[in-house]
file run_15.cif (mmCIF, C-alpha atoms)
data_model
loop_
_atom_site.label_atom_id
_atom_site.label_comp_id
_atom_site.auth_asym_id
_atom_site.auth_seq_id
_atom_site.Cartn_x
_atom_site.Cartn_y
_atom_site.Cartn_z
CA MET V 356 -16.64 12.77 -4.83
CA VAL V 357 -14.15 9.96 -5.27
CA THR V 358 -11.52 10.43 -7.96
CA GLU V 359 -10.30 7.14 -9.40
CA CYS V 360 -7.43 6.80 -11.80
CA GLY V 361 -4.61 4.59 -12.94
CA TRP V 362 -0.96 5.53 -12.61
CA PHE V 363 0.22 8.17 -15.08
CA ARG V 364 -3.35 9.18 -16.01
CA THR V 365 -4.56 12.60 -14.95
CA ALA V 366 -7.19 12.40 -12.21
CA VAL V 367 -10.39 14.19 -13.10
CA GLY V 368 -13.59 15.09 -11.29
CA GLY V 369 -12.08 16.06 -7.95
CA GLU V 370 -13.15 19.18 -6.12
CA SER V 371 -10.44 21.76 -5.60
CA GLY V 372 -8.97 21.65 -2.14
CA ALA V 373 -11.24 18.80 -1.04
CA CYS V 374 -10.18 15.96 -3.31
CA CYS V 375 -8.85 14.73 -4.18
CA GLU V 376 19.06 10.60 9.30
CA ASP V 377 21.10 8.57 9.98
CA GLY V 378 21.10 4.84 9.09
CA GLY V 379 20.84 2.06 11.60
CA GLU V 380 18.06 -0.36 12.27
CA GLY V 381 16.63 1.24 15.36
CA HIS V 382 17.15 4.95 14.86
CA MET V 383 13.68 5.69 13.48
CA ARG V 384 11.67 3.86 16.14
CA GLU V 385 10.96 7.04 18.03
CA SER V 386 8.05 7.55 20.40
CA VAL V 387 4.85 8.00 18.44
CA SER V 388 4.12 11.03 20.60
CA LYS V 389 7.17 12.72 19.01
CA ALA V 390 6.36 11.99 15.38
CA HIS V 391 7.54 15.41 14.19
CA GLY V 392 4.13 16.97 13.74
CA LEU V 393 2.83 14.44 11.22
CA SER V 394 -0.66 14.89 12.68
CA GLY V 395 -0.67 18.35 11.11
CA ARG V 396 -0.47 17.01 7.55
CA ARG V 397 -3.78 17.49 5.69
CA LEU V 398 -3.41 14.68 3.14
CA VAL V 399 -2.87 11.08 4.23
CA ALA V 400 -1.91 8.70 1.40
CA PHE V 401 -2.29 5.01 2.24
CA ASP V 402 -0.90 1.95 0.57
CA PHE V 403 -3.52 -0.85 0.50
CA ASP V 404 -1.96 -4.33 0.72
CA GLY V 405 -0.57 -4.92 4.20
CA THR V 406 -1.45 -1.38 5.31
CA LEU V 407 -5.23 -1.08 5.23
CA ALA V 408 -6.07 -4.69 4.42
CA ASP V 409 -4.65 -8.04 5.50
CA THR V 410 -4.12 -9.28 1.96
CA LYS V 411 -0.85 -11.17 2.36
CA PRO V 412 -2.33 -14.61 3.21
CA GLN V 413 -4.41 -14.87 0.03
CA ILE V 414 -1.81 -13.23 -2.21
CA VAL V 415 0.79 -15.73 -1.01
CA ARG V 416 -1.58 -18.70 -1.22
CA VAL V 417 -2.59 -17.98 -4.82
CA ALA V 418 0.96 -17.17 -5.92
CA ARG V 419 2.25 -20.41 -4.38
CA GLN V 420 -0.44 -22.39 -6.20
CA VAL V 421 0.41 -20.87 -9.55
CA LEU V 422 4.18 -21.13 -9.12
CA LEU V 423 4.04 -24.73 -7.92
CA GLU V 424 1.94 -25.60 -10.97
CA ARG V 425 4.70 -24.11 -13.12
CA GLY V 426 7.31 -26.39 -11.56
CA LEU V 427 8.87 -24.30 -8.80
CA THR V 428 9.61 -26.17 -5.58
CA ASP V 429 8.74 -25.35 -1.98
CA GLU V 430 12.41 -24.55 -1.40
CA GLN V 431 12.32 -22.00 -4.22
CA LEU V 432 9.20 -20.41 -2.74
CA VAL V 433 10.67 -19.63 0.68
CA ASP V 434 10.60 -15.89 -0.13
CA VAL V 435 7.17 -15.84 -1.78
CA GLY V 436 5.95 -13.26 0.74
CA GLU V 437 8.32 -10.75 -0.86
CA ILE V 438 5.94 -10.35 -3.80
CA VAL V 439 3.59 -8.34 -1.56
CA GLY V 440 4.53 -4.75 -2.31
CA PRO V 441 6.09 -4.46 -5.78
CA PRO V 442 3.78 -4.27 -8.84
CA PHE V 443 2.98 -7.39 -10.86
CA PRO V 444 4.41 -8.86 -13.03
CA GLN V 445 7.67 -7.18 -12.02
CA ALA V 446 7.44 -8.73 -8.55
CA PHE V 447 7.80 -12.24 -9.98
CA MET V 448 10.87 -11.15 -11.93
CA MET V 449 12.44 -9.50 -8.87
CA VAL V 450 11.78 -12.28 -6.37
CA PHE V 451 12.08 -15.41 -8.52
CA GLY V 452 14.20 -14.28 -11.47
CA LEU V 453 11.51 -15.13 -14.01
CA SER V 454 11.79 -13.81 -17.54
CA GLU V 455 9.44 -11.03 -18.57
CA ASN V 456 7.34 -13.48 -20.60
CA ASP V 457 7.15 -16.07 -17.81
CA ALA V 458 6.34 -13.41 -15.22
CA SER V 459 3.52 -12.14 -17.44
CA GLU V 460 2.08 -15.64 -17.81
CA VAL V 461 2.29 -16.25 -14.05
CA THR V 462 0.59 -12.92 -13.41
CA ASP V 463 -2.28 -13.79 -15.77
CA ALA V 464 -2.78 -17.15 -14.06
CA TYR V 465 -2.58 -15.52 -10.63
CA ARG V 466 -5.16 -12.85 -11.50
CA ALA V 467 -7.59 -15.38 -12.95
CA ILE V 468 -7.75 -17.03 -9.51
CA TYR V 469 -7.37 -13.97 -7.29
CA ALA V 470 -10.12 -11.98 -9.00
CA ARG V 471 -12.65 -14.67 -8.03
CA LEU V 472 -11.84 -14.68 -4.31
CA GLY V 473 -14.06 -11.81 -3.24
CA PRO V 474 -14.10 -10.17 0.22
CA LYS V 475 -12.06 -12.89 1.94
CA ALA V 476 -9.05 -11.73 -0.09
CA TRP V 477 -8.88 -8.25 1.45
CA PRO V 478 -10.23 -8.00 5.03
CA LEU V 479 -9.35 -4.77 6.82
CA PHE V 480 -7.11 -4.82 9.85
CA ASP V 481 -9.00 -4.30 13.09
CA GLY V 482 -9.45 -0.62 13.82
CA VAL V 483 -8.87 0.66 10.29
CA THR V 484 -12.49 1.66 9.69
CA LYS V 485 -12.56 3.69 12.91
CA LEU V 486 -9.22 5.28 12.06
CA LEU V 487 -10.47 6.41 8.66
CA GLN V 488 -13.60 7.88 10.21
CA ARG V 489 -11.54 9.78 12.80
CA LEU V 490 -9.34 11.16 10.05
CA LYS V 491 -12.35 12.32 8.05
CA ASP V 492 -13.89 13.85 11.18
CA ARG V 493 -10.71 15.89 11.57
CA GLY V 494 -11.05 17.17 8.01
CA LYS V 495 -8.25 15.06 6.51
CA VAL V 496 -8.09 14.35 2.79
CA LEU V 497 -7.48 10.63 2.19
CA ALA V 498 -5.96 8.83 -0.78
CA THR V 499 -4.99 5.29 -1.63
CA VAL V 500 -1.79 4.91 -3.64
CA SER V 501 -1.39 1.25 -4.56
CA SER V 502 0.34 -0.85 -7.19
CA LYS V 503 -2.75 -3.11 -7.18
CA ARG V 504 -4.89 -3.11 -10.32
CA LEU V 505 -7.40 -0.28 -10.03
CA GLU V 506 -10.48 -2.47 -10.52
CA ILE V 507 -9.36 -4.88 -7.79
CA LEU V 508 -8.36 -2.05 -5.47
CA ARG V 509 -11.79 -0.49 -5.89
CA ARG V 510 -13.48 -3.82 -5.16
CA GLY V 511 -11.48 -4.13 -1.97
CA LEU V 512 -12.58 -0.68 -0.83
CA VAL V 513 -16.22 -1.30 -1.79
CA ASP V 514 -16.37 -4.73 -0.14
CA ASN V 515 -15.12 -3.20 3.10
CA GLY V 516 -17.50 -0.24 2.91
CA ILE V 517 -14.72 2.37 2.89
CA LEU V 518 -14.67 3.61 -0.70
CA GLU V 519 -16.40 6.85 0.24
CA SER V 520 -13.76 7.55 2.87
CA PHE V 521 -11.27 8.26 0.10
CA ASP V 522 -11.04 11.39 -2.00
CA VAL V 523 -8.57 9.80 -4.43
CA VAL V 524 -8.24 6.13 -5.37
CA LEU V 525 -5.09 5.53 -7.37
CA GLY V 526 -4.13 2.09 -8.68
CA SER V 527 -2.33 0.52 -11.60
CA ASP V 528 -3.96 0.55 -15.04
CA SER V 529 -1.45 -1.62 -16.91
CA ASP V 530 1.53 -3.93 -16.48
CA ARG V 531 4.10 -1.46 -17.78
CA PRO V 532 6.84 -0.53 -15.29
CA GLN V 533 5.48 2.02 -12.87
CA THR V 534 7.01 4.23 -10.21
CA LYS V 535 5.18 4.65 -6.94
CA ALA V 536 6.82 8.01 -6.39
CA GLN V 537 5.15 9.31 -9.56
CA ALA V 538 1.83 7.87 -8.38
CA LEU V 539 2.19 9.59 -5.01
CA LEU V 540 2.90 12.92 -6.69
CA GLU V 541 -0.12 12.41 -8.94
CA ALA V 542 -2.32 11.84 -5.91
CA ILE V 543 -1.00 14.96 -4.19
CA GLU V 544 -1.42 17.12 -7.28
CA SER V 545 -4.92 15.82 -7.98
CA CYS V 546 -5.91 17.05 -4.52
CA GLY V 547 -4.58 20.52 -5.27
CA MET V 548 -1.96 20.17 -2.54
CA GLY V 549 1.81 20.15 -2.20
CA VAL V 550 4.26 17.67 -0.75
CA GLU V 551 4.39 19.76 2.42
CA ASP V 552 0.73 18.84 3.02
CA ALA V 553 1.14 15.07 2.69
CA VAL V 554 2.18 12.02 4.68
CA MET V 555 2.49 8.49 3.28
CA VAL V 556 1.54 5.33 5.18
CA GLY V 557 2.90 2.00 3.96
CA ASP V 558 4.18 -1.43 4.94
CA ARG V 559 7.20 -1.98 2.66
CA ARG V 560 10.41 -0.19 1.79
CA TYR V 561 8.92 0.65 -1.60
CA ASP V 562 6.43 2.95 0.12
CA VAL V 563 9.15 4.62 2.17
CA GLU V 564 11.45 5.05 -0.82
CA ALA V 565 8.65 6.55 -2.92
CA ALA V 566 7.80 9.00 -0.16
CA ARG V 567 11.43 10.01 0.34
CA THR V 568 11.82 10.57 -3.41
CA CYS V 569 8.88 12.98 -3.20
CA ASN V 570 10.19 14.65 -0.01
CA VAL V 571 7.12 13.36 1.84
CA PRO V 572 7.41 11.82 5.34
CA CYS V 573 6.41 8.18 5.66
CA VAL V 574 4.92 6.16 8.51
CA GLY V 575 5.88 2.49 8.26
CA VAL V 576 3.43 -0.08 9.61
CA GLU V 577 4.42 -3.52 10.86
CA PHE V 578 1.03 -5.01 11.72
CA GLY V 579 0.69 -6.47 8.21
CA HIS V 580 3.83 -8.60 8.75
CA THR V 581 4.95 -7.99 5.17
CA ALA V 582 8.27 -6.24 5.79
CA LYS V 583 11.32 -8.10 7.02
CA PRO V 584 12.61 -7.12 10.48
CA GLY V 585 14.31 -3.75 10.27
CA GLU V 586 13.31 -3.15 6.64
CA LEU V 587 11.29 -0.01 7.33
CA GLU V 588 13.93 1.48 9.61
CA ARG V 589 16.68 0.81 7.08
CA ALA V 590 14.57 2.50 4.41
CA LYS V 591 14.41 5.50 6.81
CA ALA V 592 10.72 5.68 7.58
CA ASN V 593 10.07 8.71 9.79
CA VAL V 594 8.36 6.53 12.36
CA VAL V 595 7.46 2.83 12.52
CA VAL V 596 4.31 1.61 14.27
CA SER V 597 3.24 -1.87 15.34
CA THR V 598 -0.51 -1.37 15.80
CA VAL V 599 -3.39 0.59 14.30
CA ASP V 600 -3.71 2.44 17.62
CA GLU V 601 -0.12 3.64 17.30
CA LEU V 602 -0.84 4.72 13.73
CA SER V 603 -3.81 6.74 15.05
CA ASP V 604 -1.51 8.44 17.56
CA VAL V 605 0.86 9.49 14.78
CA LEU V 606 -1.78 10.72 12.34
CA LEU V 607 -4.14 12.33 14.85
CA GLY V 608 -1.96 13.22 17.82
CA GLY V 609 -3.94 13.58 21.04
CA ALA V 610 -7.23 13.37 19.14
CA ALA V 611 -6.67 9.69 18.39
CA LYS V 612 -8.19 8.58 21.67
CA ASN V 613 -11.25 10.87 21.46
#

call {"tool": "encode", "arguments": {"input": "run_15.cif", "output": "structure tokens"}}
result
Amino acid sequence: MVTECGWFRTAVGGESGACCEDGGEGHMRESVSKAHGLSGRRLVAFDFDGTLADTKPQIVRVARQVLLERGLTDEQLVDVGEIVGPPFPQAFMMVFGLSENDASEVTDAYRAIYARLGPKAWPLFDGVTKLLQRLKDRGKVLATVSSKRLEILRRGLVDNGILESFDVVLGSDSDRPQTKAQALLEAIESCGMGVEDAVMVGDRRYDVEAARTCNVPCVGVEFGHTAKPGELERAKANVVVSTVDELSDVLLGGAAKN
């Protein structure tokens, strides 16, 4: 049974037990075969954008369209890719310095376009479907912990045929400021597990920081090309991977190639 909920709402309907250091840019890029026993963690919590699905191209395209229509220039939009990761509308405030009111208006215009895109907006990265099946075959509990609106997140999972792979689907249910660390803890608790059972997988420093706040190890992924060079290492991800195959090695150990 899939448990779906917005941040800060108690997940219901899950089945108990089945639900659901040093700094320096290069220090965390250890061999994936020495990923500190992460393959033993029972619960794998995934971010969605840039981690499971290649959403950056359409997010950036729609955001550029909306922001250009509001008078921003191409020069001002050089960092538009930075909006992939933080929740909306806060992302527009963080990246472009928009006021709360302007960011809200931009977000509404963005969503009106993005919600009509359909499956082309969220294609999975090659190998993700097989990875999820391998994880389920090994008895893993899977969750999505995303700042994406819950209804859009669910559509992305349904369109890709992977909704049933997840025991918990956790997305945003409003535009109020939200903390991903609290969302991660909610996902863990709704599965009847503890932080010692979990590992987070994400593509931006926000995922790493949320995991570290919860005392949960984090695997940073680079294949979504959303993080700046060195961002995940500086945030102190436990290991950084460049391909879905490397991610399989970390999460499944020697079973990844079976």

call {"tool": "resolve_selection", "arguments": {"input": "run_15.cif", "expression": "the PyMOL selection byres ((chain V and resi 438-446) around 9)", "output": "ChimeraX atom specification"}}
result
/V:404-405,410-411,414-415,418,434-437,447-451,455,458-463,501-504,527,530-533,558-562,581-582

call {"tool": "write_last_selection", "arguments": {"input": "run_15.cif", "atoms": "C-alpha atoms", "output": "PDB file, in the frame of the given file"}}
result
ATOM      1  CA  ASP V 404      -1.960  -4.330   0.720  1.00  0.00           C
ATOM      2  CA  GLY V 405      -0.570  -4.920   4.200  1.00  0.00           C
ATOM      3  CA  THR V 410      -4.120  -9.280   1.960  1.00  0.00           C
ATOM      4  CA  LYS V 411      -0.850 -11.170   2.360  1.00  0.00           C
ATOM      5  CA  ILE V 414      -1.810 -13.230  -2.210  1.00  0.00           C
ATOM      6  CA  VAL V 415       0.790 -15.730  -1.010  1.00  0.00           C
ATOM      7  CA  ALA V 418       0.960 -17.170  -5.920  1.00  0.00           C
ATOM      8  CA  ASP V 434      10.600 -15.890  -0.130  1.00  0.00           C
ATOM      9  CA  VAL V 435       7.170 -15.840  -1.780  1.00  0.00           C
ATOM     10  CA  GLY V 436       5.950 -13.260   0.740  1.00  0.00           C
ATOM     11  CA  GLU V 437       8.320 -10.750  -0.860  1.00  0.00           C
ATOM     12  CA  PHE V 447       7.800 -12.240  -9.980  1.00  0.00           C
ATOM     13  CA  MET V 448      10.870 -11.150 -11.930  1.00  0.00           C
ATOM     14  CA  MET V 449      12.440  -9.500  -8.870  1.00  0.00           C
ATOM     15  CA  VAL V 450      11.780 -12.280  -6.370  1.00  0.00           C
ATOM     16  CA  PHE V 451      12.080 -15.410  -8.520  1.00  0.00           C
ATOM     17  CA  GLU V 455       9.440 -11.030 -18.570  1.00  0.00           C
ATOM     18  CA  ALA V 458       6.340 -13.410 -15.220  1.00  0.00           C
ATOM     19  CA  SER V 459       3.520 -12.140 -17.440  1.00  0.00           C
ATOM     20  CA  GLU V 460       2.080 -15.640 -17.810  1.00  0.00           C
ATOM     21  CA  VAL V 461       2.290 -16.250 -14.050  1.00  0.00           C
ATOM     22  CA  THR V 462       0.590 -12.920 -13.410  1.00  0.00           C
ATOM     23  CA  ASP V 463      -2.280 -13.790 -15.770  1.00  0.00           C
ATOM     24  CA  SER V 501      -1.390   1.250  -4.560  1.00  0.00           C
ATOM     25  CA  SER V 502       0.340  -0.850  -7.190  1.00  0.00           C
ATOM     26  CA  LYS V 503      -2.750  -3.110  -7.180  1.00  0.00           C
ATOM     27  CA  ARG V 504      -4.890  -3.110 -10.320  1.00  0.00           C
ATOM     28  CA  SER V 527      -2.330   0.520 -11.600  1.00  0.00           C
ATOM     29  CA  ASP V 530       1.530  -3.930 -16.480  1.00  0.00           C
ATOM     30  CA  ARG V 531       4.100  -1.460 -17.780  1.00  0.00           C
ATOM     31  CA  PRO V 532       6.840  -0.530 -15.290  1.00  0.00           C
ATOM     32  CA  GLN V 533       5.480   2.020 -12.870  1.00  0.00           C
ATOM     33  CA  ASP V 558       4.180  -1.430   4.940  1.00  0.00           C
ATOM     34  CA  ARG V 559       7.200  -1.980   2.660  1.00  0.00           C
ATOM     35  CA  ARG V 560      10.410  -0.190   1.790  1.00  0.00           C
ATOM     36  CA  TYR V 561       8.920   0.650  -1.600  1.00  0.00           C
ATOM     37  CA  ASP V 562       6.430   2.950   0.120  1.00  0.00           C
ATOM     38  CA  THR V 581       4.950  -7.990   5.170  1.00  0.00           C
ATOM     39  CA  ALA V 582       8.270  -6.240   5.790  1.00  0.00           C
TER      40      ALA V 582
END

call {"tool": "resolve_selection", "arguments": {"input": "run_15.cif", "expression": "the PyMOL selection byres ((chain V and resi 555) around 7)", "output": "ChimeraX atom specification"}}
result
/V:399-401,553-554,556-557,566,571-574

call {"tool": "write_last_selection", "arguments": {"input": "run_15.cif", "atoms": "C-alpha atoms", "output": "PDB file, in the frame of the given file"}}
result
ATOM      1  CA  VAL V 399      -2.870  11.080   4.230  1.00  0.00           C
ATOM      2  CA  ALA V 400      -1.910   8.700   1.400  1.00  0.00           C
ATOM      3  CA  PHE V 401      -2.290   5.010   2.240  1.00  0.00           C
ATOM      4  CA  ALA V 553       1.140  15.070   2.690  1.00  0.00           C
ATOM      5  CA  VAL V 554       2.180  12.020   4.680  1.00  0.00           C
ATOM      6  CA  VAL V 556       1.540   5.330   5.180  1.00  0.00           C
ATOM      7  CA  GLY V 557       2.900   2.000   3.960  1.00  0.00           C
ATOM      8  CA  ALA V 566       7.800   9.000  -0.160  1.00  0.00           C
ATOM      9  CA  VAL V 571       7.120  13.360   1.840  1.00  0.00           C
ATOM     10  CA  PRO V 572       7.410  11.820   5.340  1.00  0.00           C
ATOM     11  CA  CYS V 573       6.410   8.180   5.660  1.00  0.00           C
ATOM     12  CA  VAL V 574       4.920   6.160   8.510  1.00  0.00           C
TER      13      VAL V 574
END

call {"tool": "closest_residue", "arguments": {"input": "run_15.cif", "among": "V:Cys569, V:Ala467, V:Leu407, V:Val563", "to": "Leu487 in chain V", "atoms": "all atoms listed in the file"}}
result
V:Leu407

call {"tool": "closest_residue", "arguments": {"input": "run_15.cif", "among": "V:Gly549, V:Thr598, V:Lys583, V:Asp402", "to": "Ala565 in chain V", "atoms": "only C-alpha atoms"}}
result
V:Asp402

call {"tool": "atom_distance", "arguments": {"input": "run_15.cif", "atom1": "CA of Arg567 in chain V", "atom2": "CA of Glu601 in chain V"}}
result
21.5 Å

call {"tool": "atom_distance", "arguments": {"input": "run_15.cif", "atom1": "CA of Val523 in chain V", "atom2": "CA of Ile507 in chain V"}}
result
15.1 Å

call {"tool": "atom_distance", "arguments": {"input": "run_15.cif", "atom1": "CA of Val524 in chain V", "atom2": "CA of Leu607 in chain V"}}
result
21.5 Å

call {"tool": "closest_residue", "arguments": {"input": "run_15.cif", "among": "V:Lys535, V:Lys475, V:Arg396, V:Arg510", "to": "Leu606 in chain V", "atoms": "only C-alpha atoms"}}
result
V:Arg396

call {"tool": "closest_residue", "arguments": {"input": "run_15.cif", "among": "V:Gly526, V:Gly482, V:Gly575, V:Gly516", "to": "Asn593 in chain V", "atoms": "only C-alpha atoms"}}
result
V:Gly575

call {"tool": "closest_residue", "arguments": {"input": "run_15.cif", "among": "V:Val496, V:Leu427, V:Leu505, V:Leu587", "to": "Ser545 in chain V", "atoms": "all atoms listed in the file"}}
result
V:Val496

call {"tool": "residues_around", "arguments": {"input": "run_15.cif", "residues": "Arg397 in chain V", "least_positions_apart": "2", "cutoff": "12 Å", "atoms": "only C-alpha atoms", "output": "mmCIF file with C-alpha atoms, in the coordinates of the input"}}
result
data_model
loop_
_atom_site.group_PDB
_atom_site.id
_atom_site.type_symbol
_atom_site.label_atom_id
_atom_site.label_comp_id
_atom_site.auth_asym_id
_atom_site.auth_seq_id
_atom_site.Cartn_x
_atom_site.Cartn_y
_atom_site.Cartn_z
ATOM 1 C CA GLY V 372 -8.970 21.650 -2.140
ATOM 2 C CA ALA V 373 -11.240 18.800 -1.040
ATOM 3 C CA CYS V 374 -10.180 15.960 -3.310
ATOM 4 C CA CYS V 375 -8.850 14.730 -4.180
ATOM 5 C CA GLY V 392 4.130 16.970 13.740
ATOM 6 C CA LEU V 393 2.830 14.440 11.220
ATOM 7 C CA SER V 394 -0.660 14.890 12.680
ATOM 8 C CA GLY V 395 -0.670 18.350 11.110
ATOM 9 C CA VAL V 399 -2.870 11.080 4.230
ATOM 10 C CA ALA V 400 -1.910 8.700 1.400
ATOM 11 C CA LEU V 490 -9.340 11.160 10.050
ATOM 12 C CA LYS V 491 -12.350 12.320 8.050
ATOM 13 C CA ARG V 493 -10.710 15.890 11.570
ATOM 14 C CA GLY V 494 -11.050 17.170 8.010
ATOM 15 C CA LYS V 495 -8.250 15.060 6.510
ATOM 16 C CA VAL V 496 -8.090 14.350 2.790
ATOM 17 C CA LEU V 497 -7.480 10.630 2.190
ATOM 18 C CA ALA V 498 -5.960 8.830 -0.780
ATOM 19 C CA ILE V 543 -1.000 14.960 -4.190
ATOM 20 C CA CYS V 546 -5.910 17.050 -4.520
ATOM 21 C CA GLY V 547 -4.580 20.520 -5.270
ATOM 22 C CA MET V 548 -1.960 20.170 -2.540
ATOM 23 C CA GLY V 549 1.810 20.150 -2.200
ATOM 24 C CA VAL V 550 4.260 17.670 -0.750
ATOM 25 C CA GLU V 551 4.390 19.760 2.420
ATOM 26 C CA ASP V 552 0.730 18.840 3.020
ATOM 27 C CA ALA V 553 1.140 15.070 2.690
ATOM 28 C CA VAL V 554 2.180 12.020 4.680
ATOM 29 C CA MET V 555 2.490 8.490 3.280
ATOM 30 C CA LEU V 606 -1.780 10.720 12.340
ATOM 31 C CA LEU V 607 -4.140 12.330 14.850
#

call {"tool": "residues_around", "arguments": {"input": "run_15.cif", "residues": "Ala476 in chain V", "least_positions_apart": "6", "cutoff": "10 Å", "atoms": "all atoms listed in the file", "output": "ChimeraX atom specification"}}
result
/V:408-414,469-470,511

call {"tool": "write_last_selection", "arguments": {"input": "run_15.cif", "atoms": "C-alpha atoms", "output": "mmCIF file, in the frame of the given file"}}
result
data_model
loop_
_atom_site.group_PDB
_atom_site.id
_atom_site.type_symbol
_atom_site.label_atom_id
_atom_site.label_comp_id
_atom_site.auth_asym_id
_atom_site.auth_seq_id
_atom_site.Cartn_x
_atom_site.Cartn_y
_atom_site.Cartn_z
ATOM 1 C CA ALA V 408 -6.070 -4.690 4.420
ATOM 2 C CA ASP V 409 -4.650 -8.040 5.500
ATOM 3 C CA THR V 410 -4.120 -9.280 1.960
ATOM 4 C CA LYS V 411 -0.850 -11.170 2.360
ATOM 5 C CA PRO V 412 -2.330 -14.610 3.210
ATOM 6 C CA GLN V 413 -4.410 -14.870 0.030
ATOM 7 C CA ILE V 414 -1.810 -13.230 -2.210
ATOM 8 C CA TYR V 469 -7.370 -13.970 -7.290
ATOM 9 C CA ALA V 470 -10.120 -11.980 -9.000
ATOM 10 C CA GLY V 511 -11.480 -4.130 -1.970
#

call {"tool": "closest_residue", "arguments": {"input": "run_15.cif", "among": "V:Ser529, V:Asn570, V:Thr484, V:Thr534", "to": "Leu512 in chain V", "atoms": "only C-alpha atoms"}}
result
V:Thr484

call {"tool": "axis_aligned_box", "arguments": {"input": "run_15.cif", "around": "range 556-564 of chain V", "padding_each_side": "8 Å", "output": "lines of an AutoDock Vina configuration file"}}
result
center_x = 6.5
center_y = 1.7
center_z = 1.8
size_x = 25.9
size_y = 23.3
size_z = 22.8
